[in-house]
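Asks: To be precise about what I am sending: the file is called work-v1.cif and holds mmCIF, C-alpha atoms.
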data_query
loop_
_atom_site.label_atom_id
_atom_site.label_comp_id
_atom_site.auth_asym_id
_atom_site.auth_seq_id
_atom_site.Cartn_x
_atom_site.Cartn_y
_atom_site.Cartn_z
CA MET A 24 -6.90 -3.77 -24.99
CA ILE A 25 -4.73 -6.76 -24.17
CA ALA A 26 -7.47 -9.16 -25.31
CA GLU A 27 -7.78 -7.34 -28.62
CA ARG A 28 -4.03 -7.43 -29.06
CA ASN A 29 -4.25 -11.19 -28.68
CA GLY A 30 -6.94 -11.46 -31.33
CA VAL A 31 -9.94 -11.69 -29.00
CA PRO A 32 -12.65 -9.15 -29.86
CA ALA A 33 -13.29 -7.08 -26.75
CA VAL A 34 -14.76 -3.78 -25.68
CA SER A 35 -13.98 -1.63 -22.67
CA ILE A 36 -16.80 -0.01 -20.73
CA MET A 37 -16.30 2.74 -18.18
CA THR A 38 -18.17 5.61 -16.60
CA THR A 39 -17.59 9.24 -17.53
CA ALA A 40 -15.37 9.78 -14.45
CA PHE A 41 -12.80 7.34 -15.78
CA VAL A 42 -12.53 8.41 -19.40
CA ASP A 43 -9.23 10.26 -19.03
CA ALA A 44 -7.74 7.32 -17.11
CA ALA A 45 -8.85 4.97 -19.87
CA GLU A 46 -7.35 7.25 -22.52
CA LEU A 47 -4.08 7.31 -20.61
CA MET A 48 -4.04 3.51 -20.42
CA ALA A 49 -4.77 3.33 -24.15
CA ARG A 50 -1.80 5.58 -24.89
CA VAL A 51 0.41 3.53 -22.60
CA GLN A 52 -0.71 0.31 -24.27
CA GLY A 53 0.13 1.76 -27.68
CA VAL A 54 -3.45 2.03 -28.95
CA PRO A 55 -4.29 5.72 -28.43
CA LEU A 56 -7.39 5.53 -30.64
CA HIS A 57 -8.87 2.56 -28.80
CA PRO A 58 -12.64 3.21 -28.57
CA PHE A 59 -14.58 2.89 -25.32
CA ALA A 60 -18.23 2.51 -24.41
CA VAL A 61 -18.83 5.33 -21.94
CA ILE A 62 -21.77 5.37 -19.57
CA GLU A 63 -22.96 7.80 -16.92
CA HIS A 64 -21.24 8.00 -13.52
CA PRO A 65 -21.81 6.80 -10.80
CA ILE A 66 -22.95 3.16 -10.88
CA ALA A 67 -23.09 2.13 -7.23
CA SER A 68 -25.74 4.60 -6.13
CA ALA A 69 -27.88 4.33 -9.26
CA ASP A 70 -31.38 2.92 -8.80
CA PRO A 71 -32.48 -0.17 -10.77
CA GLU A 72 -33.90 1.96 -13.57
CA GLY A 73 -30.66 3.90 -13.76
CA ILE A 74 -28.68 0.68 -14.00
CA ASP A 75 -31.01 -0.60 -16.74
CA ASP A 76 -30.56 2.64 -18.68
CA ARG A 77 -26.79 2.44 -18.43
CA ALA A 78 -26.80 -1.22 -19.44
CA ARG A 79 -28.88 -0.50 -22.53
CA ILE A 80 -26.56 2.31 -23.55
CA ALA A 81 -23.51 0.13 -22.90
CA VAL A 82 -24.87 -2.65 -25.09
CA VAL A 83 -25.60 -0.30 -27.99
CA LYS A 84 -22.21 1.39 -27.79
CA ALA A 85 -20.36 -1.89 -27.34
CA ALA A 86 -22.12 -3.39 -30.35
CA GLU A 87 -21.14 -0.34 -32.44
CA ILE A 88 -17.52 -0.67 -31.38
CA LEU A 89 -17.38 -4.41 -32.04
CA ALA A 90 -19.01 -3.94 -35.46
CA GLY A 91 -16.26 -1.48 -36.29
CA MET B 6 28.90 2.00 -14.20
CA ASN B 7 26.98 2.24 -17.46
CA LEU B 8 23.84 4.23 -16.69
CA THR B 9 21.52 4.62 -19.65
CA SER B 10 18.91 7.08 -18.40
CA SER B 11 18.78 10.39 -20.21
CA ARG B 12 20.66 13.23 -18.51
CA ILE B 13 19.38 16.72 -17.90
CA THR B 14 21.60 19.71 -17.25
CA THR B 15 20.27 22.66 -15.27
CA ALA B 16 21.89 25.92 -14.26
CA ASP B 17 21.80 25.29 -10.53
CA PHE B 18 19.99 23.50 -7.70
CA ALA B 19 16.98 25.82 -7.83
CA ALA B 20 16.60 25.33 -11.57
CA ALA B 21 16.76 21.59 -11.07
CA GLN B 22 13.90 21.76 -8.58
CA GLU B 23 11.78 23.75 -11.00
CA THR B 24 12.47 21.19 -13.71
CA TYR B 25 11.27 18.37 -11.48
CA HIS B 26 8.15 20.24 -10.44
CA ALA B 27 7.32 21.39 -13.98
CA ASN B 28 7.51 17.83 -15.28
CA GLY B 29 5.47 16.28 -12.47
CA TRP B 30 8.45 14.23 -11.30
CA THR B 31 8.10 14.97 -7.58
CA ASP B 32 5.53 14.53 -4.82
CA GLY B 33 5.37 18.29 -4.33
CA LEU B 34 8.46 18.47 -2.14
CA PRO B 35 12.03 19.28 -3.20
CA VAL B 36 14.12 16.32 -4.37
CA VAL B 37 17.78 15.43 -4.31
CA PRO B 38 19.05 15.72 -7.91
CA PRO B 39 19.98 12.15 -8.89
CA THR B 40 23.47 12.66 -10.24
CA PRO B 41 25.17 9.65 -11.87
CA ASP B 42 27.52 9.33 -8.89
CA LEU B 43 24.70 9.14 -6.38
CA VAL B 44 22.69 6.68 -8.48
CA SER B 45 25.75 4.52 -9.06
CA ALA B 46 26.48 4.49 -5.33
CA CYS B 47 23.04 3.03 -4.61
CA LEU B 48 23.48 0.33 -7.23
CA GLU B 49 26.97 -0.52 -6.01
CA TRP B 50 25.83 -0.81 -2.42
CA ALA B 51 23.04 -3.19 -3.42
CA LEU B 52 25.37 -5.09 -5.77
CA LEU B 53 22.95 -4.57 -8.63
CA SER B 54 23.67 -3.74 -12.25
CA PRO B 55 21.72 -0.82 -13.72
CA GLU B 56 19.74 -3.13 -15.99
CA HIS B 57 18.85 -5.56 -13.21
CA LEU B 58 15.14 -6.31 -13.55
CA VAL B 59 13.41 -5.80 -10.21
CA GLY B 60 10.09 -6.85 -11.71
CA ILE B 61 7.42 -6.15 -14.27
CA GLU B 62 4.14 -4.43 -13.52
CA PRO B 63 1.79 -6.68 -15.50
CA VAL B 64 -1.08 -4.31 -16.31
CA ARG B 65 1.12 -1.55 -17.63
CA GLU B 66 3.73 -4.07 -18.83
CA ARG B 67 6.39 -1.78 -17.42
CA SER B 68 9.79 -3.13 -16.50
CA ILE B 69 11.15 -1.78 -13.23
CA THR B 70 14.94 -1.74 -13.43
CA ALA B 71 17.39 -1.13 -10.64
CA GLU B 72 18.71 2.03 -12.32
CA LYS B 73 15.29 3.66 -12.51
CA LEU B 74 14.52 2.68 -8.96
CA ALA B 75 17.86 4.02 -7.75
CA ILE B 76 17.15 7.37 -9.41
CA ASN B 77 13.92 7.69 -7.47
CA ALA B 78 15.57 6.52 -4.25
CA VAL B 79 18.20 9.26 -4.54
CA MET B 80 15.50 11.82 -5.32
CA ALA B 81 13.66 10.77 -2.15
CA GLY B 82 16.75 11.34 -0.02
CA CYS B 83 17.92 7.76 0.30
CA LEU B 84 21.52 6.96 1.14
CA PRO B 85 23.08 4.01 -0.68
CA GLU B 86 22.54 1.77 2.36
CA HIS B 87 18.80 2.50 2.21
CA PHE B 88 18.50 1.27 -1.35
CA PRO B 89 18.20 -2.49 -0.63
CA LEU B 90 14.99 -1.74 1.27
CA VAL B 91 13.60 0.17 -1.70
CA VAL B 92 14.39 -2.74 -4.03
CA THR B 93 12.88 -5.23 -1.61
CA ALA B 94 9.77 -3.12 -1.15
CA PHE B 95 9.18 -2.87 -4.89
CA THR B 96 9.81 -6.59 -5.24
CA ALA B 97 7.09 -7.19 -2.65
CA MET B 98 4.74 -4.76 -4.38
CA LEU B 99 5.26 -6.49 -7.73
CA GLN B 100 4.12 -9.88 -6.42
CA PRO B 101 0.86 -10.75 -8.24
CA GLU B 102 -1.18 -11.02 -5.04
CA PHE B 103 -0.35 -7.41 -4.14
CA LEU B 104 -2.23 -6.20 -7.25
CA LEU B 105 -0.09 -3.11 -7.60
CA HIS B 106 -2.02 -1.46 -10.41
CA GLY B 107 -5.37 -1.80 -8.66
CA ALA B 108 -3.99 -0.69 -5.32
CA THR B 109 -2.36 2.42 -6.73
CA ALA B 110 -5.07 3.40 -9.22
CA SER B 111 -8.19 2.89 -7.13
CA THR B 112 -10.50 5.70 -6.09
CA GLY B 113 -10.20 4.20 -2.57
CA GLY B 114 -6.93 6.06 -2.17
CA CYS B 115 -4.76 3.67 -0.20
CA ALA B 116 -1.00 4.01 0.22
CA VAL B 117 1.72 1.37 0.38
CA LEU B 118 2.59 0.66 4.00
CA LEU B 119 6.02 -0.88 4.49
CA ILE B 120 6.87 -2.82 7.65
CA VAL B 121 10.57 -3.49 8.11
CA ASN B 122 12.01 -6.34 10.16
CA GLY B 123 15.39 -7.78 10.98
CA PRO B 124 18.97 -6.62 11.49
CA ILE B 125 18.74 -4.03 8.71
CA ARG B 126 16.59 -1.89 11.04
CA ARG B 127 19.51 -1.53 13.44
CA GLN B 128 22.03 -0.98 10.65
CA LEU B 129 19.92 1.86 9.28
CA GLU B 130 19.10 3.21 12.77
CA MET B 131 15.38 2.95 12.14
CA VAL B 132 13.24 4.07 15.08
CA ALA B 133 10.37 1.80 16.11
CA THR B 134 9.41 3.54 19.33
CA PHE B 135 8.46 7.22 19.71
CA ASN B 136 6.23 8.56 16.93
CA ALA B 137 6.57 5.25 15.09
CA LEU B 138 4.06 6.14 12.39
CA GLY B 139 5.08 9.78 12.18
CA ASN B 140 8.33 11.42 11.24
CA THR B 141 10.83 9.15 12.93
CA ASP B 142 14.18 8.61 11.26
CA ARG B 143 15.98 9.23 8.03
CA ALA B 144 15.70 5.72 6.59
CA SER B 145 11.98 5.30 7.28
CA ALA B 146 11.16 8.70 5.80
CA ALA B 147 13.33 8.34 2.72
CA VAL B 148 12.48 4.71 1.90
CA GLY B 149 8.76 5.37 2.23
CA ARG B 150 9.07 8.43 0.04
CA ALA B 151 11.11 6.52 -2.55
CA ILE B 152 8.18 4.17 -3.03
CA ARG B 153 5.84 7.04 -3.86
CA LEU B 154 8.32 8.73 -6.20
CA GLY B 155 8.92 5.39 -7.91
CA LEU B 156 5.20 4.92 -8.43
CA ILE B 157 4.89 8.45 -9.80
CA ASN B 158 7.82 8.32 -12.18
CA LEU B 159 7.93 4.66 -13.21
CA LEU B 160 4.22 3.87 -13.37
CA ASP B 161 2.61 7.31 -13.87
CA VAL B 162 0.78 7.06 -10.54
CA ARG B 163 0.09 10.78 -10.44
CA PRO B 164 -3.15 12.20 -9.09
CA GLY B 165 -5.63 12.44 -11.94
CA GLU B 166 -3.56 10.15 -14.17
CA ILE B 167 -3.21 6.54 -13.02
CA ASP B 168 -3.85 7.57 -9.40
CA ARG B 169 -7.63 8.00 -9.28
CA SER B 170 -7.82 8.46 -5.50
CA THR B 171 -10.84 10.46 -4.45
CA LEU B 172 -9.08 11.65 -1.27
CA GLY B 173 -5.93 9.64 -0.60
CA HIS B 174 -4.23 10.09 2.76
CA PRO B 175 -0.98 11.50 4.18
CA GLY B 176 0.69 8.08 4.13
CA LYS B 177 1.12 8.60 0.42
CA PHE B 178 4.10 10.82 1.12
CA SER B 179 5.84 8.15 3.18
CA TYR B 180 4.42 5.17 5.09
CA CYS B 181 7.26 3.07 6.44
CA LEU B 182 7.40 1.48 9.87
CA ALA B 183 10.04 -0.62 11.62
CA GLU B 184 8.96 -3.26 14.12
CA ASP B 185 10.23 -2.86 17.70
CA GLU B 186 11.70 -6.35 17.90
CA GLU B 187 14.08 -5.53 20.76
CA ASN B 188 11.30 -4.51 23.16
CA SER B 189 8.81 -7.16 22.10
CA PRO B 190 8.43 -10.60 23.65
CA TRP B 191 6.89 -11.84 20.43
CA SER B 192 8.28 -13.23 17.21
CA SER B 193 8.64 -10.61 14.52
CA LEU B 194 6.27 -10.20 11.61
CA ALA B 195 8.94 -11.43 9.20
CA GLU B 196 9.58 -14.51 11.31
CA GLU B 197 5.88 -15.30 11.28
CA ARG B 198 5.46 -14.79 7.56
CA LEU B 199 8.75 -16.21 6.26
CA GLY B 200 9.46 -18.82 8.93
CA GLU B 201 13.04 -17.63 9.35
CA SER B 202 14.52 -15.98 12.43
CA ASP B 203 16.64 -12.84 12.35
CA VAL B 204 15.84 -12.20 8.70
CA SER B 205 15.75 -8.69 7.27
CA ALA B 206 12.54 -8.29 5.31
CA VAL B 207 9.92 -5.88 4.08
CA THR B 208 6.18 -6.46 4.25
CA ALA B 209 4.09 -4.35 1.87
CA VAL B 210 0.42 -3.67 2.60
CA ALA B 211 -2.05 -1.71 0.49
CA ALA B 212 -3.27 0.30 3.43
CA MET B 213 -5.66 3.03 4.37
CA ALA B 214 -4.89 5.71 6.96
CA PRO B 215 -4.32 4.64 10.58
CA ARG B 216 -7.19 4.87 13.06
CA GLN B 217 -6.03 5.43 16.64
CA ILE B 218 -7.68 3.73 19.62
CA MET B 219 -7.15 4.44 23.32
CA ASN B 220 -7.76 2.28 26.35
CA GLU B 221 -5.78 3.49 29.36
CA TRP B 222 -8.21 2.05 31.86
CA THR B 223 -7.60 -1.66 31.87
CA SER B 224 -4.83 -4.22 31.93
CA ASP B 225 -7.19 -6.98 30.87
CA PRO B 226 -6.16 -8.27 27.42
CA GLU B 227 -9.73 -9.25 26.63
CA GLN B 228 -10.85 -5.65 27.09
CA ILE B 229 -8.00 -4.29 25.01
CA CYS B 230 -8.98 -6.79 22.34
CA ASP B 231 -12.54 -5.47 22.58
CA THR B 232 -11.40 -1.91 21.88
CA ILE B 233 -9.31 -2.94 18.89
CA SER B 234 -12.12 -5.10 17.53
CA ALA B 235 -14.66 -2.29 17.93
CA GLU B 236 -12.48 0.00 15.80
CA ILE B 237 -12.23 -2.65 13.12
CA ARG B 238 -15.99 -3.19 13.19
CA ALA B 239 -16.49 0.56 12.81
CA ASN B 240 -14.27 0.53 9.74
CA GLN B 241 -16.19 -2.42 8.33
CA LEU B 242 -19.41 -0.46 8.60
CA HIS B 243 -18.16 3.02 7.71
CA TYR B 244 -15.69 2.05 5.01
CA SER B 245 -15.50 -1.53 3.73
CA ILE B 246 -17.15 -4.64 5.09
CA TRP B 247 -14.83 -7.07 3.32
CA ALA B 248 -12.24 -9.20 5.09
CA GLY B 249 -8.58 -8.44 4.51
CA ASN B 250 -5.16 -7.75 5.97
CA TYR B 251 -5.89 -5.41 8.85
CA VAL B 252 -2.77 -4.17 10.62
CA VAL B 253 -2.75 -3.52 14.38
CA VAL B 254 0.22 -1.51 15.64
CA LEU B 255 0.68 -2.21 19.36
CA PRO B 256 2.92 0.12 21.38
CA THR B 257 4.67 -0.87 24.59
CA GLN B 258 2.01 -0.16 27.19
CA LEU B 259 -0.79 -2.24 25.72
CA ARG B 260 1.69 -4.83 24.47
CA GLN B 261 2.90 -5.23 28.04
CA HIS B 262 -0.61 -6.00 29.24
CA PHE B 263 -0.90 -8.74 26.65
CA SER B 264 2.48 -10.25 27.44
CA ASP B 265 1.92 -10.02 31.23
CA ALA B 266 -1.17 -12.13 30.73
CA GLY B 267 0.85 -14.62 28.71
CA TRP B 268 -0.70 -13.74 25.39
CA SER B 269 1.28 -14.36 22.21
CA LYS B 270 0.71 -12.57 18.91
CA ALA B 271 -1.35 -15.58 17.89
CA ASP B 272 -3.59 -15.08 20.91
CA VAL B 273 -4.18 -11.46 19.90
CA GLN B 274 -4.95 -12.60 16.36
CA GLU B 275 -7.41 -15.24 17.59
CA CYS B 276 -9.18 -12.81 19.90
CA VAL B 277 -9.58 -10.08 17.30
CA PHE B 278 -10.63 -12.61 14.67
CA ASP B 279 -13.40 -13.83 16.97
CA ARG B 280 -14.70 -10.34 17.76
CA ALA B 281 -14.09 -8.22 14.66
CA ARG B 282 -17.12 -9.17 12.61
CA VAL B 283 -20.38 -7.46 11.72
CA MET B 284 -23.80 -8.39 10.45
CA ARG B 285 -24.71 -6.96 7.08
CA GLY B 286 -27.92 -5.65 8.62
CA SER B 287 -25.83 -3.25 10.74
CA TRP B 288 -25.31 -1.21 7.59
CA LYS B 289 -28.80 0.17 8.20
CA GLN B 290 -27.42 2.05 11.24
CA VAL B 291 -24.85 3.93 9.17
CA GLY B 292 -26.85 5.03 6.17
CA LYS B 293 -26.17 2.03 3.96
CA GLY B 294 -29.53 0.31 4.31
CA SER B 295 -30.08 0.21 0.56
CA VAL B 296 -27.38 -2.45 0.10
CA VAL B 297 -28.46 -4.74 2.95
CA LYS B 298 -31.12 -6.34 0.72
CA ASP B 299 -32.13 -9.83 1.90
CA ARG B 300 -28.78 -10.55 3.55
CA ALA B 301 -29.21 -8.72 6.87
CA ASP B 302 -28.33 -11.86 8.85
CA ARG B 303 -25.12 -12.61 6.98
CA GLU B 304 -22.02 -12.25 9.14
CA TYR B 305 -18.86 -10.67 7.78
CA PRO B 306 -15.59 -11.35 9.62
CA ALA B 307 -12.86 -8.73 9.26
CA MET B 308 -10.33 -11.41 8.35
CA GLU B 309 -10.66 -14.71 6.56
CA SER B 310 -8.43 -16.31 9.20
CA PRO B 311 -6.66 -15.13 12.39
CA GLU B 312 -3.30 -15.14 10.58
CA GLU B 313 -4.60 -12.47 8.21
CA LEU B 314 -4.37 -9.94 11.05
CA ILE B 315 -0.94 -8.32 10.98
CA VAL B 316 0.18 -7.50 14.53
CA VAL B 317 3.17 -5.18 14.70
CA ALA B 318 5.02 -4.18 17.86
CA ALA B 319 5.90 -0.49 17.56
CA GLY B 320 5.40 2.80 19.34
CA GLY B 321 6.62 4.80 22.30
CA PRO B 322 6.90 3.52 25.85
CA ALA B 323 3.93 5.36 27.37
CA GLY B 324 0.30 5.67 26.36
CA GLY B 325 -2.56 3.20 26.15
CA PHE B 326 -2.85 3.65 22.43
CA ALA B 327 -2.79 1.40 19.42
CA GLN B 328 -3.56 1.93 15.77
CA VAL B 329 -5.72 -0.03 13.41
CA ILE B 330 -4.71 0.25 9.76
CA PRO B 331 -7.42 -1.09 7.46
CA PRO B 332 -6.74 -2.79 4.13
CA TRP B 333 -7.47 -1.00 0.89
CA LEU B 334 -10.33 -3.25 -0.21
CA GLY B 335 -10.74 -6.70 1.26
CA THR B 336 -8.56 -9.38 -0.22
CA LYS B 337 -8.17 -7.74 -3.62
CA SER B 338 -4.63 -6.94 -2.48
CA ARG B 339 -2.83 -9.21 -0.04
CA ALA B 340 0.15 -8.26 2.09
CA THR B 341 3.43 -9.55 0.72
CA THR B 342 6.69 -10.16 2.59
CA VAL B 343 10.08 -10.40 0.89
CA ALA B 344 13.48 -10.94 2.48
CA VAL B 345 16.14 -8.36 1.74
CA GLY B 346 18.21 -10.05 -0.93
CA ALA B 347 21.21 -7.76 -1.07
CA CYS B 348 24.16 -8.23 1.23
CA VAL B 349 23.74 -5.21 3.44
CA ASP B 350 26.90 -6.02 5.38
CA CYS B 351 29.10 -6.02 2.30
CA GLU B 352 31.60 -3.33 1.55
CA VAL B 353 30.88 -1.18 -1.46
CA PRO B 354 32.73 -2.89 -4.36
#
Please express the file's structure as structure tokens.
Replies:
Amino acid sequence: MIAERNGVPAVSIMTTAFVDAAELMARVQGVPLHPFAVIEHPIASADPEGIDDRARIAVVKAAEILAG
Amino acid sequence: MNLTSSRITTADFAAAQETYHANGWTDGLPVVPPTPDLVSACLEWALLSPEHLVGIEPVRERSITAEKLAINAVMAGCLPEHFPLVVTAFTAMLQPEFLLHGATASTGGCAVLLIVNGPIRRQLEMVATFNALGNTDRASAAVGRAIRLGLINLLDVRPGEIDRSTLGHPGKFSYCLAEDEENSPWSSLAEERLGESDVSAVTAVAAMAPRQIMNEWTSDPEQICDTISAEIRANQLHYSIWAGNYVVVLPTQLRQHFSDAGWSKADVQECVFDRARVMRGSWKQVGKGSVVKDRADREYPAMESPEELIVVAAGGPAGGFAQVIPPWLGTKSRATTVAVGACVDCEVP
């Protein structure tokens, strides 16, 4: 959010468990409609295939957000 | 004094409590309604104007002013003479290396441990002996609580909002400890960290819950060091393997064994530094084999250097106990020590 405010294209990625925290931060930062790329929780215990799946989803969603 | 915070009028004390609870402005316990007179008294004692900027939390870009902090101090039960400690504690927490946002938002659920040194302990009648980490004295309880209320009300560190703690621990209500300088042969924590003697100061640590050890059956400092180190190694395996600011609280009985043998705090630090370390492969013994990978033979010390171990003299006169307080998460947050800047001996202007 701060990078975007400074003119640097950026995208935030978080897992489903942190969506409400991210929305709160967006409100606090004055950008309540800031979009996020949300992936499945948790990360740490995911197997390699699970990580790959999340990464693919994150890339697609991030690209959509950056393309506007 | 020109206070600018909005004012709320309620019918009576009970209605005030309900207002605080309904708005999420408390920690679940009743609060002292922060009337303008009480807030002004805190500011006057600390010789601070209401708009005095204590610091800025960089992630939230929130300014922490003396007036807002004083409101939360009063709510927590602080007397005016307690307020300089609250200001100093927040100043310490707002140092970049403390990483306040991370430490208060993390799922890890640490609390802010405050360790108080210097003459201000005596002035505030802080108790560093019996029940040192429990309910001890008015100043310790209220100052520790003021930190939590300040985090809640100034930075939205409420459970489920900014505070993402999975479990947290009871230190989140209040976690403030005075060092027993009078009964210790060692230099105080503040003297070690600031290089000044007889200075009043607050050290802030992003800290997990205390883990108690017991060794009644030796006077050998090496063996006491072994017990402390074993507890730290257990924490490295069961919780976090990363090096950081571990705190060891040493009460009188075990402290006496160290000092009888001629050990300084630095000797304790060196001994624990040498012994508190684990091999990554040991994770296999505690159900974490999947993250050992090809690094089973890599050694992980509990501190990056001996000085990173914070040794605090505190606790009652009897009992072969000590407590190990682990860091939140390695060196992501580092302990910070700040001298009390206000003139605590001054008369209220």
Asks: Report as a list of chain:residue names the full result of the PyMOL selection byres ((chain A and resi 88) around 10) when it is applied to this structure.
Replies: A:Pro32, A:Ala33, A:Val34, A:Ser35, A:His57, A:Pro58, A:Phe59, A:Ala60, A:Val82, A:Val83, A:Lys84, A:Ala85, A:Ala86, A:Glu87, A:Leu89, A:Ala90, A:Gly91
Asks: If you keep C-alpha atoms, can you produce a file of those selected residues as a PDB file, in the coordinates of the input?
Replies:
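Once everything was written out, this is part17.pdb:
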ATOM      1  CA  PRO A  32     -12.650  -9.150 -29.860  1.00  0.00           C
ATOM      2  CA  ALA A  33     -13.290  -7.080 -26.750  1.00  0.00           C
ATOM      3  CA  VAL A  34     -14.760  -3.780 -25.680  1.00  0.00           C
ATOM      4  CA  SER A  35     -13.980  -1.630 -22.670  1.00  0.00           C
ATOM      5  CA  HIS A  57      -8.870   2.560 -28.800  1.00  0.00           C
ATOM      6  CA  PRO A  58     -12.640   3.210 -28.570  1.00  0.00           C
ATOM      7  CA  PHE A  59     -14.580   2.890 -25.320  1.00  0.00           C
ATOM      8  CA  ALA A  60     -18.230   2.510 -24.410  1.00  0.00           C
ATOM      9  CA  VAL A  82     -24.870  -2.650 -25.090  1.00  0.00           C
ATOM     10  CA  VAL A  83     -25.600  -0.300 -27.990  1.00  0.00           C
ATOM     11  CA  LYS A  84     -22.210   1.390 -27.790  1.00  0.00           C
ATOM     12  CA  ALA A  85     -20.360  -1.890 -27.340  1.00  0.00           C
ATOM     13  CA  ALA A  86     -22.120  -3.390 -30.350  1.00  0.00           C
ATOM     14  CA  GLU A  87     -21.140  -0.340 -32.440  1.00  0.00           C
ATOM     15  CA  LEU A  89     -17.380  -4.410 -32.040  1.00  0.00           C
ATOM     16  CA  ALA A  90     -19.010  -3.940 -35.460  1.00  0.00           C
ATOM     17  CA  GLY A  91     -16.260  -1.480 -36.290  1.00  0.00           C
TER      18      GLY A  91
END
Asks: With chain B as the partner and 10 Å as the cut-off, tabulate the residues of chain A that qualify, each row holding the nearest pair of atoms and their distance in Å to one decimal, using all atoms listed in the file, sorted by chain and rising number, as JSON lines.
Replies:
{"residue": "A:Ile25", "atom": "CA", "partner": "B:Val64", "partner_atom": "CA", "distance": 9.0}
{"residue": "A:Ala40", "atom": "CA", "partner": "B:Arg169", "partner_atom": "CA", "distance": 9.5}
{"residue": "A:Phe41", "atom": "CA", "partner": "B:Arg169", "partner_atom": "CA", "distance": 8.3}
{"residue": "A:Asp43", "atom": "CA", "partner": "B:Glu166", "partner_atom": "CA", "distance": 7.5}
{"residue": "A:Ala44", "atom": "CA", "partner": "B:Glu166", "partner_atom": "CA", "distance": 5.8}
{"residue": "A:Ala45", "atom": "CA", "partner": "B:Ile167", "partner_atom": "CA", "distance": 9.0}
{"residue": "A:Glu46", "atom": "CA", "partner": "B:Glu166", "partner_atom": "CA", "distance": 9.6}
{"residue": "A:Leu47", "atom": "CA", "partner": "B:Glu166", "partner_atom": "CA", "distance": 7.1}
{"residue": "A:Met48", "atom": "CA", "partner": "B:Arg65", "partner_atom": "CA", "distance": 7.7}
{"residue": "A:Val51", "atom": "CA", "partner": "B:Arg65", "partner_atom": "CA", "distance": 7.1}
{"residue": "A:Gln52", "atom": "CA", "partner": "B:Arg65", "partner_atom": "CA", "distance": 7.1}
{"residue": "A:Ala67", "atom": "CA", "partner": "B:Val296", "partner_atom": "CA", "distance": 9.6}
{"residue": "A:Ser68", "atom": "CA", "partner": "B:Ser295", "partner_atom": "CA", "distance": 9.1}
{"residue": "A:Asp70", "atom": "CA", "partner": "B:Ser295", "partner_atom": "CA", "distance": 9.8}
Asks: I'd like the residues picked by the PyMOL selection byres ((chain B and resi 133) around 10) written out as a PyMOL selection string, using the chain letters and numbers from the file.
Replies: chain B and resi 121+126+130-132+134-138+141-142+145+182-188+256+318-321
Asks: Could you list, as a PyMOL selection string, every residue matched by the PyMOL selection byres ((chain B and resi 112) around 7) in this structure?
Replies: chain B and resi 110-111+113-114+169-171
Asks: Which of these residues is nearest to Ile62 (chain A), using all atoms listed in the file: A:Met24, A:Ala49, A:Val31, A:Asp75?
Replies: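 Using all atoms listed in the file, the shortest distance to Ile62 (chain A) belongs to A:Asp75.
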Asks: Which of these residues is nearest to Gly325 (chain B), using all atoms listed in the file: B:Arg300, B:His262, B:Lys270, B:Arg285?
Replies: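 Closest to Gly325 (chain B), using all atoms listed in the file: B:His262.
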Asks: Using CA of Ser45 (chain B) and CA of Ala151 (chain B) as the two end points, give the distance in Å to one decimal.
Replies: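 Distance between the two atoms: 16.1 Å.
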